[in-house]
$ cat target_39.pdb   # PDB, C-alpha atoms
ATOM      1  CA  MET A1140      33.172 114.730 -31.887
ATOM      2  CA  THR A1141      34.146 114.110 -35.491
ATOM      3  CA  SER A1142      37.565 113.977 -37.063
ATOM      4  CA  SER A1143      38.826 117.193 -38.647
ATOM      5  CA  GLN A1144      41.051 115.602 -41.252
ATOM      6  CA  ASP A1145      39.221 117.445 -44.024
ATOM      7  CA  THR A1146      39.969 120.820 -42.419
ATOM      8  CA  GLY A1147      43.028 119.952 -40.374
ATOM      9  CA  GLY A1148      45.348 121.779 -42.732
ATOM     10  CA  GLU A1149      43.462 125.055 -42.414
ATOM     11  CA  ALA A1150      44.296 127.530 -39.717
ATOM     12  CA  ALA A1151      41.540 128.527 -37.329
ATOM     13  CA  ALA A1152      39.824 131.781 -38.360
ATOM     14  CA  GLY A1153      42.361 132.330 -41.140
ATOM     15  CA  ALA A1154      45.346 132.637 -38.781
ATOM     16  CA  PRO A1155      48.680 131.318 -40.097
ATOM     17  CA  LEU A1156      49.558 127.771 -39.078
ATOM     18  CA  ARG A1157      52.039 127.406 -36.241
ATOM     19  CA  ALA A1158      54.103 124.258 -35.847
ATOM     20  CA  CYS A1159      53.956 122.431 -32.513
ATOM     21  CA  SER A1160      56.916 122.885 -30.215
ATOM     22  CA  ALA A1161      58.548 119.976 -28.410
ATOM     23  CA  ALA A1162      56.897 121.041 -25.138
ATOM     24  CA  GLU A1163      53.464 121.151 -26.765
ATOM     25  CA  ILE A1164      53.959 117.727 -28.334
ATOM     26  CA  GLY A1165      54.883 116.320 -24.923
ATOM     27  CA  ALA A1166      51.839 117.924 -23.294
ATOM     28  CA  ILE A1167      49.507 116.530 -25.938
ATOM     29  CA  ALA A1168      51.096 113.093 -25.564
ATOM     30  CA  HIS A1169      50.285 113.195 -21.837
ATOM     31  CA  LEU A1170      46.747 114.348 -22.646
ATOM     32  CA  TYR A1171      46.372 111.399 -24.993
ATOM     33  CA  ARG A1172      47.518 108.976 -22.301
ATOM     34  CA  GLY A1173      44.954 110.446 -19.921
ATOM     35  CA  GLU A1174      42.111 110.150 -22.429
ATOM     36  CA  ILE A1175      43.078 106.559 -23.222
ATOM     37  CA  TYR A1176      43.107 105.722 -19.501
ATOM     38  CA  ARG A1177      39.682 107.232 -18.909
ATOM     39  CA  SER A1178      38.184 105.527 -21.958
ATOM     40  CA  THR A1179      39.621 102.219 -20.732
ATOM     41  CA  VAL A1180      38.062 102.711 -17.293
ATOM     42  CA  TRP A1181      34.642 103.389 -18.770
ATOM     43  CA  ARG A1182      35.061 100.490 -21.210
ATOM     44  CA  THR A1183      35.528  98.252 -18.166
ATOM     45  CA  ARG A1184      32.346  99.655 -16.641
ATOM     46  CA  LEU A1185      30.462  98.785 -19.816
ATOM     47  CA  ASP A1186      31.695  95.209 -19.513
ATOM     48  CA  SER A1187      30.516  95.099 -15.891
ATOM     49  CA  THR A1188      26.884  95.875 -16.717
ATOM     50  CA  THR A1189      26.972  93.361 -19.567
ATOM     51  CA  ASN A1190      28.244  90.729 -17.137
ATOM     52  CA  TRP A1191      25.407  91.572 -14.729
ATOM     53  CA  ALA A1192      22.876  91.070 -17.526
ATOM     54  CA  VAL A1193      24.395  87.726 -18.499
ATOM     55  CA  VAL A1194      24.559  86.474 -14.910
ATOM     56  CA  THR A1195      20.972  87.566 -14.210
ATOM     57  CA  THR A1196      19.783  85.768 -17.322
ATOM     58  CA  GLY A1197      21.685  82.661 -16.254
ATOM     59  CA  ILE A1198      20.029  82.703 -12.830
ATOM     60  CA  ALA A1199      16.598  83.040 -14.440
ATOM     61  CA  LEU A1200      17.378  80.130 -16.771
ATOM     62  CA  SER A1201      18.401  77.963 -13.819
ATOM     63  CA  ALA A1202      15.238  78.804 -11.911
ATOM     64  CA  THR A1203      12.963  78.311 -14.914
ATOM     65  CA  PHE A1204      14.379  74.964 -16.032
ATOM     66  CA  SER A1205      15.121  73.578 -12.573
ATOM     67  CA  SER A1206      12.096  71.284 -12.845
ATOM     68  CA  ALA A1207       9.163  70.588 -15.116
ATOM     69  CA  GLN A1208       6.838  72.253 -12.614
ATOM     70  CA  ALA A1209       8.922  75.450 -12.312
ATOM     71  CA  SER A1210       7.193  78.623 -13.454
ATOM     72  CA  PRO A1211       8.327  80.381 -16.663
ATOM     73  CA  LEU A1212       7.705  83.722 -14.971
ATOM     74  CA  PRO A1213      11.391  84.337 -14.063
ATOM     75  CA  MET A1214      12.278  84.365 -17.769
ATOM     76  CA  ALA A1215       9.570  86.961 -18.374
ATOM     77  CA  LEU A1216      10.604  89.176 -15.474
ATOM     78  CA  VAL A1217      14.331  89.042 -16.131
ATOM     79  CA  GLY A1218      13.756  90.993 -19.341
ATOM     80  CA  LEU A1219      12.750  94.008 -17.245
ATOM     81  CA  ILE A1220      15.908  93.723 -15.152
ATOM     82  CA  VAL A1221      18.116  93.404 -18.223
ATOM     83  CA  THR A1222      16.379  96.460 -19.708
ATOM     84  CA  MET A1223      17.438  98.402 -16.628
ATOM     85  CA  PHE A1224      21.012  97.206 -17.174
ATOM     86  CA  LEU A1225      20.765  98.298 -20.815
ATOM     87  CA  LEU A1226      19.747 101.828 -19.834
ATOM     88  CA  LEU A1227      22.500 101.967 -17.223
ATOM     89  CA  GLU A1228      25.046 100.790 -19.779
ATOM     90  CA  ALA A1229      23.785 103.335 -22.318
ATOM     91  CA  ARG A1230      24.439 106.080 -19.781
ATOM     92  CA  ARG A1231      27.939 104.745 -19.184
ATOM     93  CA  TYR A1232      28.514 104.516 -22.943
ATOM     94  CA  ARG A1233      27.824 108.235 -23.306
ATOM     95  CA  TYR A1234      30.671 108.954 -20.888
ATOM     96  CA  PHE A1235      32.937 106.418 -22.569
ATOM     97  CA  ASN A1236      32.286 107.986 -25.955
ATOM     98  CA  ILE A1237      33.568 111.374 -24.750
ATOM     99  CA  TRP A1238      37.028 110.055 -23.917
ATOM    100  CA  ARG A1239      37.084 107.703 -26.913
ATOM    101  CA  ALA A1240      36.261 110.516 -29.338
ATOM    102  CA  ARG A1241      39.011 112.751 -27.947
ATOM    103  CA  ALA A1242      41.584 109.975 -28.156
ATOM    104  CA  ARG A1243      40.496 109.142 -31.697
ATOM    105  CA  LEU A1244      40.785 112.784 -32.756
ATOM    106  CA  LEU A1245      44.361 112.914 -31.487
ATOM    107  CA  GLU A1246      45.170 109.670 -33.292
ATOM    108  CA  THR A1247      43.823 110.792 -36.661
ATOM    109  CA  ASP A1248      44.781 114.473 -36.666
ATOM    110  CA  PHE A1249      47.878 114.672 -34.477
ATOM    111  CA  PHE A1250      49.779 111.398 -34.358
ATOM    112  CA  THR A1251      48.961 110.186 -37.874
ATOM    113  CA  PRO A1252      50.399 113.272 -39.670
ATOM    114  CA  MET A1253      53.413 113.139 -37.373
ATOM    115  CA  LEU A1254      54.080 109.502 -38.268
ATOM    116  CA  ARG A1255      53.774 110.329 -41.954
ATOM    117  CA  GLY A1256      56.323 113.081 -41.607
ATOM    118  CA  ASP A1257      53.786 115.834 -42.295
ATOM    119  CA  PRO A1258      53.896 119.068 -40.291
ATOM    120  CA  VAL A1259      51.485 119.243 -37.367
ATOM    121  CA  ALA A1260      49.999 122.680 -36.654
ATOM    122  CA  MET A1261      48.964 123.688 -33.165
ATOM    123  CA  ASN A1262      46.266 126.118 -34.247
ATOM    124  CA  ALA A1263      44.629 123.929 -36.905
ATOM    125  CA  ALA A1264      40.969 122.946 -36.917
ATOM    126  CA  TRP A1265      41.557 119.764 -34.909
ATOM    127  CA  SER A1266      43.160 121.640 -32.004
ATOM    128  CA  GLN A1267      40.338 124.172 -31.939
ATOM    129  CA  LEU A1268      37.798 121.344 -31.898
ATOM    130  CA  LEU A1269      39.595 119.602 -29.062
ATOM    131  CA  ALA A1270      39.985 122.821 -27.089
ATOM    132  CA  ARG A1271      36.285 123.586 -27.436
ATOM    133  CA  ASP A1272      35.394 120.095 -26.243
ATOM    134  CA  LEU A1273      37.698 120.428 -23.234
ATOM    135  CA  CYS A1274      36.292 123.832 -22.305
ATOM    136  CA  GLN A1275      32.659 122.889 -22.933
ATOM    137  CA  PRO A1276      32.382 119.119 -22.427
ATOM    138  CA  ARG A1277      29.176 117.556 -23.687
ATOM    139  CA  TYR A1278      27.757 114.195 -24.656
ATOM    140  CA  HIS A1279      28.399 113.307 -28.288
ATOM    141  CA  VAL A1280      25.502 110.824 -28.575
ATOM    142  CA  SER A1281      21.976 110.834 -27.179
ATOM    143  CA  LEU A1282      20.797 108.281 -24.636
ATOM    144  CA  ALA A1283      18.558 106.658 -27.251
ATOM    145  CA  ARG A1284      21.413 106.287 -29.736
ATOM    146  CA  ALA A1285      23.735 104.942 -27.049
ATOM    147  CA  ALA A1286      21.091 102.392 -26.016
ATOM    148  CA  GLY A1287      20.639 101.417 -29.669
ATOM    149  CA  ARG A1288      24.346 100.829 -30.108
ATOM    150  CA  ARG A1289      24.595  98.645 -27.013
ATOM    151  CA  LEU A1290      21.418  96.810 -28.011
ATOM    152  CA  ARG A1291      22.749  95.964 -31.464
ATOM    153  CA  ARG A1292      26.170  95.019 -30.157
ATOM    154  CA  THR A1293      25.251  92.876 -27.126
ATOM    155  CA  TYR A1294      21.789  93.080 -25.612
ATOM    156  CA  ALA A1295      19.842  91.957 -28.671
ATOM    157  CA  TRP A1296      21.460  88.531 -28.275
ATOM    158  CA  ILE A1297      20.631  88.418 -24.575
ATOM    159  CA  PHE A1298      16.977  89.272 -25.244
ATOM    160  CA  LEU A1299      16.881  86.682 -28.037
ATOM    161  CA  ILE A1300      18.137  83.974 -25.672
ATOM    162  CA  GLN A1301      15.517  84.993 -23.115
ATOM    163  CA  ALA A1302      12.721  84.851 -25.698
ATOM    164  CA  ILE A1303      13.763  81.434 -27.024
ATOM    165  CA  SER A1304      14.119  80.083 -23.485
ATOM    166  CA  TYR A1305      10.737  81.444 -22.427
ATOM    167  CA  TYR A1306       8.840  79.955 -25.346
ATOM    168  CA  GLY A1307      10.892  76.769 -25.087
ATOM    169  CA  LYS A1308       9.841  76.406 -21.469
ATOM    170  CA  LEU A1309       6.193  76.805 -22.416
ATOM    171  CA  ALA A1310       6.577  74.249 -25.202
ATOM    172  CA  ILE A1311       8.189  71.404 -23.259
ATOM    173  CA  HIS A1312       7.165  71.703 -19.590
ATOM    174  CA  PRO A1313       5.491  70.009 -17.882
ATOM    175  CA  THR A1314       4.780  67.979 -21.034
ATOM    176  CA  PRO A1315       5.280  68.756 -24.738
ATOM    177  CA  LEU A1316       2.565  70.956 -26.238
ATOM    178  CA  THR A1317      -0.156  69.236 -28.205
ATOM    179  CA  ALA A1318      -2.510  72.195 -28.758
ATOM    180  CA  LEU A1319      -2.241  75.966 -28.901
ATOM    181  CA  SER A1320      -4.779  76.318 -26.087
ATOM    182  CA  GLU A1321      -2.279  74.680 -23.739
ATOM    183  CA  LEU A1322       0.234  77.448 -24.540
ATOM    184  CA  TRP A1323      -2.182  80.136 -23.339
ATOM    185  CA  GLY A1324      -2.875  78.224 -20.170
ATOM    186  CA  ARG A1325       0.798  77.785 -19.329
ATOM    187  CA  ALA A1326       1.626  81.413 -20.072
ATOM    188  CA  ALA A1327      -1.151  82.824 -17.863
ATOM    189  CA  VAL A1328       0.048  84.842 -14.869
ATOM    190  CA  GLY A1329      -2.601  85.043 -12.173
ATOM    191  CA  PRO A1330      -5.646  86.868 -13.601
ATOM    192  CA  ILE A1331      -3.757  87.878 -16.771
ATOM    193  CA  PRO A1332      -4.664  85.614 -19.713
ATOM    194  CA  GLY A1333      -1.845  83.718 -21.357
ATOM    195  CA  ASN A1334      -2.419  85.221 -24.803
ATOM    196  CA  VAL A1335      -2.010  88.711 -23.338
ATOM    197  CA  VAL A1336       1.231  87.701 -21.616
ATOM    198  CA  VAL A1337       2.657  86.141 -24.779
ATOM    199  CA  LEU A1338       1.621  89.142 -26.895
ATOM    200  CA  ALA A1339       3.210  91.539 -24.389
ATOM    201  CA  ALA A1340       6.423  89.522 -24.394
ATOM    202  CA  TRP A1341       6.475  89.459 -28.190
ATOM    203  CA  CYS A1342       5.934  93.229 -28.403
ATOM    204  CA  PHE A1343       8.709  93.780 -25.862
ATOM    205  CA  ILE A1344      11.200  91.690 -27.833
ATOM    206  CA  SER A1345      10.133  93.175 -31.183
ATOM    207  CA  GLY A1346      10.321  96.712 -29.828
ATOM    208  CA  GLY A1347      13.897  96.120 -28.656
TER     209      GLY A1347
END
$ encode --input "target_39.pdb" --output "structure tokens"
Amino acid sequence: MTSSQDTGGEAAAGAPLRACSAAEIGAIAHLYRGEIYRSTVWRTRLDSTTNWAVVTTGIALSATFSSAQASPLPMALVGLIVTMFLLLEARRYRYFNIWRARARLLETDFFTPMLRGDPVAMNAAWSQLLARDLCQPRYHVSLARAAGRRLRRTYAWIFLIQAISYYGKLAIHPTPLTALSELWGRAAVGPIPGNVVVLAAWCFISGG
């Protein structure tokens, strides 16, 4: 949902503007409180999945660097788990954005004019937009865009830490690298050659 400040002064479908009554202002104030509460709840849920991703990464770091002989595989696998958390958080963000957009619309097109002393019309474009969204609720962002926003805001840093830790583990354990061939040997996972594993990890991080 976008703000209707540019059309907020126009009546819907050419109808004359009608000032809000005291009862309508009170009802909208209660609606605003409800939207703020719901957006806060979903904001908390976003923080929960981020915490899960951070804790999971911390566990993988502890397991990987617990000894020089420990396998670097946990750092490679934790990326898949964190990706699942990212998709879950993107889904939660789509819900959060619904309540956030409604609250923001009320702030910019209802409360702001009121605080400025301007008249607030009940049948202006903003009220029609809000009514339509209440009657026909829908997501305002796609899952891909929501995942991109959470990736840029938080998860890119988590994946970066994982990548640096993974390649750092290969470089220092069990002894510091002296040749590139040693890197491939350390990165190998069972029958999968080390260069394939490293290339796959690099593509995964770059693709994110």
$ closest_residue --input "target_39.pdb" --among "A:Leu1299, A:Ala1310, A:Ala1283, A:Ala1326" --to "A:Leu1212" --atoms "all atoms listed in the file"
A:Ala1326
$ resolve_selection --input "target_39.pdb" --expression "the PyMOL selection byres ((chain A and resi 1222-1237) around 7)" --output "short mmCIF file (atom, residue, chain, number, x, y, z; two decimals) with C-alpha atoms, in the coordinates of the input"
data_model
loop_
_atom_site.label_atom_id
_atom_site.label_comp_id
_atom_site.auth_asym_id
_atom_site.auth_seq_id
_atom_site.Cartn_x
_atom_site.Cartn_y
_atom_site.Cartn_z
CA SER A 1178 38.18 105.53 -21.96
CA TRP A 1181 34.64 103.39 -18.77
CA ARG A 1182 35.06 100.49 -21.21
CA LEU A 1185 30.46 98.78 -19.82
CA THR A 1188 26.88 95.88 -16.72
CA ALA A 1192 22.88 91.07 -17.53
CA GLY A 1218 13.76 90.99 -19.34
CA LEU A 1219 12.75 94.01 -17.24
CA ILE A 1220 15.91 93.72 -15.15
CA VAL A 1221 18.12 93.40 -18.22
CA TRP A 1238 37.03 110.06 -23.92
CA ARG A 1239 37.08 107.70 -26.91
CA ALA A 1240 36.26 110.52 -29.34
CA ARG A 1241 39.01 112.75 -27.95
CA TYR A 1278 27.76 114.20 -24.66
CA HIS A 1279 28.40 113.31 -28.29
CA VAL A 1280 25.50 110.82 -28.58
CA LEU A 1282 20.80 108.28 -24.64
CA ALA A 1285 23.74 104.94 -27.05
CA ALA A 1286 21.09 102.39 -26.02
CA ARG A 1289 24.60 98.64 -27.01
#
$ resolve_selection --input "target_39.pdb" --expression "the PyMOL selection byres ((chain A and resi 1336-1344) around 12)" --output "PyMOL selection string"
chain A and resi 1211-1212+1214-1219+1221-1222+1290+1294-1303+1305-1306+1309+1322-1335+1345-1347
$ atom_distance --input "target_39.pdb" --atom1 "atom CA of A:Ser1210" --atom2 "atom CA of A:Asn1190"
24.6 Å
$ atom_distance --input "target_39.pdb" --atom1 "atom CA of A:Glu1163" --atom2 "atom CA of A:Met1253"
13.3 Å
$ decode --input "target_39.pdb" --residues "stretch 1253-1298 of chain A" --atoms "N, CA and C atoms" --output "PDB file, in the first residue's frame"
ATOM      1  N   MET A1253      -4.127  16.296  10.612  1.00  0.00           N
ATOM      2  CA  MET A1253      -4.805  16.709  11.834  1.00  0.00           C
ATOM      3  C   MET A1253      -3.858  17.510  12.727  1.00  0.00           C
ATOM      4  N   LEU A1254      -2.618  17.057  12.840  1.00  0.00           N
ATOM      5  CA  LEU A1254      -1.643  17.772  13.662  1.00  0.00           C
ATOM      6  C   LEU A1254      -1.272  19.128  13.063  1.00  0.00           C
ATOM      7  N   ARG A1255      -1.353  19.247  11.764  1.00  0.00           N
ATOM      8  CA  ARG A1255      -1.059  20.509  11.107  1.00  0.00           C
ATOM      9  C   ARG A1255      -2.223  21.491  11.161  1.00  0.00           C
ATOM     10  N   GLY A1256      -3.354  20.990  11.610  1.00  0.00           N
ATOM     11  CA  GLY A1256      -4.543  21.837  11.648  1.00  0.00           C
ATOM     12  C   GLY A1256      -5.321  21.844  10.361  1.00  0.00           C
ATOM     13  N   ASP A1257      -4.970  20.960   9.416  1.00  0.00           N
ATOM     14  CA  ASP A1257      -5.704  20.866   8.156  1.00  0.00           C
ATOM     15  C   ASP A1257      -6.947  20.001   8.341  1.00  0.00           C
ATOM     16  N   PRO A1258      -7.984  20.242   7.548  1.00  0.00           N
ATOM     17  CA  PRO A1258      -9.177  19.397   7.644  1.00  0.00           C
ATOM     18  C   PRO A1258      -8.895  17.989   7.149  1.00  0.00           C
ATOM     19  N   VAL A1259      -9.482  17.017   7.802  1.00  0.00           N
ATOM     20  CA  VAL A1259      -9.318  15.613   7.429  1.00  0.00           C
ATOM     21  C   VAL A1259     -10.659  15.102   6.913  1.00  0.00           C
ATOM     22  N   ALA A1260     -10.689  14.673   5.659  1.00  0.00           N
ATOM     23  CA  ALA A1260     -11.929  14.189   5.044  1.00  0.00           C
ATOM     24  C   ALA A1260     -12.046  12.683   5.205  1.00  0.00           C
ATOM     25  N   MET A1261     -13.277  12.233   5.439  1.00  0.00           N
ATOM     26  CA  MET A1261     -13.509  10.813   5.647  1.00  0.00           C
ATOM     27  C   MET A1261     -13.613  10.054   4.344  1.00  0.00           C
ATOM     28  N   ASN A1262     -14.025  10.730   3.282  1.00  0.00           N
ATOM     29  CA  ASN A1262     -14.202  10.050   2.002  1.00  0.00           C
ATOM     30  C   ASN A1262     -13.148  10.451   0.989  1.00  0.00           C
ATOM     31  N   ALA A1263     -11.940  10.785   1.482  1.00  0.00           N
ATOM     32  CA  ALA A1263     -10.823  11.116   0.595  1.00  0.00           C
ATOM     33  C   ALA A1263     -10.192   9.842   0.061  1.00  0.00           C
ATOM     34  N   ALA A1264      -9.161  10.029  -0.781  1.00  0.00           N
ATOM     35  CA  ALA A1264      -8.536   8.870  -1.427  1.00  0.00           C
ATOM     36  C   ALA A1264      -7.916   7.920  -0.413  1.00  0.00           C
ATOM     37  N   TRP A1265      -7.322   8.462   0.663  1.00  0.00           N
ATOM     38  CA  TRP A1265      -6.663   7.597   1.633  1.00  0.00           C
ATOM     39  C   TRP A1265      -7.644   6.657   2.310  1.00  0.00           C
ATOM     40  N   SER A1266      -8.845   7.154   2.631  1.00  0.00           N
ATOM     41  CA  SER A1266      -9.838   6.310   3.305  1.00  0.00           C
ATOM     42  C   SER A1266     -10.359   5.233   2.370  1.00  0.00           C
ATOM     43  N   GLN A1267     -10.500   5.573   1.085  1.00  0.00           N
ATOM     44  CA  GLN A1267     -10.937   4.567   0.121  1.00  0.00           C
ATOM     45  C   GLN A1267      -9.879   3.486  -0.054  1.00  0.00           C
ATOM     46  N   LEU A1268      -8.611   3.898  -0.063  1.00  0.00           N
ATOM     47  CA  LEU A1268      -7.516   2.938  -0.172  1.00  0.00           C
ATOM     48  C   LEU A1268      -7.467   2.012   1.029  1.00  0.00           C
ATOM     49  N   LEU A1269      -7.640   2.587   2.206  1.00  0.00           N
ATOM     50  CA  LEU A1269      -7.623   1.772   3.424  1.00  0.00           C
ATOM     51  C   LEU A1269      -8.821   0.840   3.473  1.00  0.00           C
ATOM     52  N   ALA A1270      -9.985   1.337   3.090  1.00  0.00           N
ATOM     53  CA  ALA A1270     -11.184   0.498   3.097  1.00  0.00           C
ATOM     54  C   ALA A1270     -11.039  -0.676   2.130  1.00  0.00           C
ATOM     55  N   ARG A1271     -10.478  -0.414   0.967  1.00  0.00           N
ATOM     56  CA  ARG A1271     -10.282  -1.483  -0.012  1.00  0.00           C
ATOM     57  C   ARG A1271      -9.308  -2.531   0.515  1.00  0.00           C
ATOM     58  N   ASP A1272      -8.271  -2.078   1.221  1.00  0.00           N
ATOM     59  CA  ASP A1272      -7.303  -3.022   1.764  1.00  0.00           C
ATOM     60  C   ASP A1272      -7.898  -3.839   2.904  1.00  0.00           C
ATOM     61  N   LEU A1273      -8.794  -3.252   3.664  1.00  0.00           N
ATOM     62  CA  LEU A1273      -9.455  -3.984   4.751  1.00  0.00           C
ATOM     63  C   LEU A1273     -10.447  -5.003   4.203  1.00  0.00           C
ATOM     64  N   CYS A1274     -11.142  -4.625   3.133  1.00  0.00           N
ATOM     65  CA  CYS A1274     -12.137  -5.530   2.551  1.00  0.00           C
ATOM     66  C   CYS A1274     -11.490  -6.634   1.719  1.00  0.00           C
ATOM     67  N   GLN A1275     -10.381  -6.309   1.057  1.00  0.00           N
ATOM     68  CA  GLN A1275      -9.700  -7.273   0.205  1.00  0.00           C
ATOM     69  C   GLN A1275      -8.214  -7.317   0.578  1.00  0.00           C
ATOM     70  N   PRO A1276      -7.908  -7.877   1.734  1.00  0.00           N
ATOM     71  CA  PRO A1276      -6.500  -7.897   2.185  1.00  0.00           C
ATOM     72  C   PRO A1276      -5.631  -8.702   1.229  1.00  0.00           C
ATOM     73  N   ARG A1277      -4.440  -8.225   1.012  1.00  0.00           N
ATOM     74  CA  ARG A1277      -3.493  -8.888   0.115  1.00  0.00           C
ATOM     75  C   ARG A1277      -2.072  -8.536   0.550  1.00  0.00           C
ATOM     76  N   TYR A1278      -1.128  -9.352   0.086  1.00  0.00           N
ATOM     77  CA  TYR A1278       0.273  -9.040   0.332  1.00  0.00           C
ATOM     78  C   TYR A1278       0.669  -7.837  -0.512  1.00  0.00           C
ATOM     79  N   HIS A1279       1.498  -6.973   0.042  1.00  0.00           N
ATOM     80  CA  HIS A1279       1.948  -5.789  -0.677  1.00  0.00           C
ATOM     81  C   HIS A1279       3.309  -5.991  -1.334  1.00  0.00           C
ATOM     82  N   VAL A1280       4.029  -7.052  -0.956  1.00  0.00           N
ATOM     83  CA  VAL A1280       5.317  -7.372  -1.560  1.00  0.00           C
ATOM     84  C   VAL A1280       5.352  -8.860  -1.874  1.00  0.00           C
ATOM     85  N   SER A1281       6.095  -9.230  -2.900  1.00  0.00           N
ATOM     86  CA  SER A1281       6.244 -10.635  -3.257  1.00  0.00           C
ATOM     87  C   SER A1281       7.204 -11.323  -2.295  1.00  0.00           C
ATOM     88  N   LEU A1282       7.188 -12.650  -2.316  1.00  0.00           N
ATOM     89  CA  LEU A1282       8.096 -13.404  -1.447  1.00  0.00           C
ATOM     90  C   LEU A1282       9.550 -13.127  -1.809  1.00  0.00           C
ATOM     91  N   ALA A1283       9.836 -13.001  -3.108  1.00  0.00           N
ATOM     92  CA  ALA A1283      11.209 -12.733  -3.531  1.00  0.00           C
ATOM     93  C   ALA A1283      11.678 -11.363  -3.040  1.00  0.00           C
ATOM     94  N   ARG A1284      10.806 -10.353  -3.155  1.00  0.00           N
ATOM     95  CA  ARG A1284      11.204  -9.025  -2.682  1.00  0.00           C
ATOM     96  C   ARG A1284      11.368  -8.998  -1.170  1.00  0.00           C
ATOM     97  N   ALA A1285      10.481  -9.685  -0.464  1.00  0.00           N
ATOM     98  CA  ALA A1285      10.596  -9.746   0.997  1.00  0.00           C
ATOM     99  C   ALA A1285      11.898 -10.434   1.395  1.00  0.00           C
ATOM    100  N   ALA A1286      12.246 -11.530   0.708  1.00  0.00           N
ATOM    101  CA  ALA A1286      13.502 -12.219   1.009  1.00  0.00           C
ATOM    102  C   ALA A1286      14.690 -11.314   0.702  1.00  0.00           C
ATOM    103  N   GLY A1287      14.598 -10.545  -0.385  1.00  0.00           N
ATOM    104  CA  GLY A1287      15.688  -9.623  -0.717  1.00  0.00           C
ATOM    105  C   GLY A1287      15.875  -8.551   0.331  1.00  0.00           C
ATOM    106  N   ARG A1288      14.779  -8.041   0.859  1.00  0.00           N
ATOM    107  CA  ARG A1288      14.883  -7.015   1.896  1.00  0.00           C
ATOM    108  C   ARG A1288      15.521  -7.567   3.158  1.00  0.00           C
ATOM    109  N   ARG A1289      15.105  -8.764   3.570  1.00  0.00           N
ATOM    110  CA  ARG A1289      15.681  -9.340   4.788  1.00  0.00           C
ATOM    111  C   ARG A1289      17.133  -9.756   4.561  1.00  0.00           C
ATOM    112  N   LEU A1290      17.448 -10.158   3.322  1.00  0.00           N
ATOM    113  CA  LEU A1290      18.828 -10.523   3.013  1.00  0.00           C
ATOM    114  C   LEU A1290      19.735  -9.316   3.100  1.00  0.00           C
ATOM    115  N   ARG A1291      19.304  -8.199   2.518  1.00  0.00           N
ATOM    116  CA  ARG A1291      20.140  -6.991   2.549  1.00  0.00           C
ATOM    117  C   ARG A1291      20.263  -6.431   3.957  1.00  0.00           C
ATOM    118  N   ARG A1292      19.193  -6.537   4.731  1.00  0.00           N
ATOM    119  CA  ARG A1292      19.197  -5.944   6.059  1.00  0.00           C
ATOM    120  C   ARG A1292      19.997  -6.764   7.073  1.00  0.00           C
ATOM    121  N   THR A1293      19.865  -8.101   7.024  1.00  0.00           N
ATOM    122  CA  THR A1293      20.438  -8.933   8.095  1.00  0.00           C
ATOM    123  C   THR A1293      21.215 -10.133   7.576  1.00  0.00           C
ATOM    124  N   TYR A1294      20.595 -10.922   6.718  1.00  0.00           N
ATOM    125  CA  TYR A1294      21.134 -12.247   6.407  1.00  0.00           C
ATOM    126  C   TYR A1294      22.397 -12.205   5.557  1.00  0.00           C
ATOM    127  N   ALA A1295      22.601 -11.136   4.805  1.00  0.00           N
ATOM    128  CA  ALA A1295      23.843 -11.038   4.038  1.00  0.00           C
ATOM    129  C   ALA A1295      25.051 -11.065   4.963  1.00  0.00           C
ATOM    130  N   TRP A1296      24.936 -10.423   6.124  1.00  0.00           N
ATOM    131  CA  TRP A1296      26.039 -10.410   7.088  1.00  0.00           C
ATOM    132  C   TRP A1296      26.252 -11.786   7.700  1.00  0.00           C
ATOM    133  N   ILE A1297      25.151 -12.494   7.951  1.00  0.00           N
ATOM    134  CA  ILE A1297      25.279 -13.844   8.509  1.00  0.00           C
ATOM    135  C   ILE A1297      25.965 -14.765   7.508  1.00  0.00           C
ATOM    136  N   PHE A1298      25.548 -14.707   6.240  1.00  0.00           N
ATOM    137  CA  PHE A1298      26.188 -15.540   5.219  1.00  0.00           C
ATOM    138  C   PHE A1298      27.655 -15.153   5.022  1.00  0.00           C
TER     139      PHE A1298
END
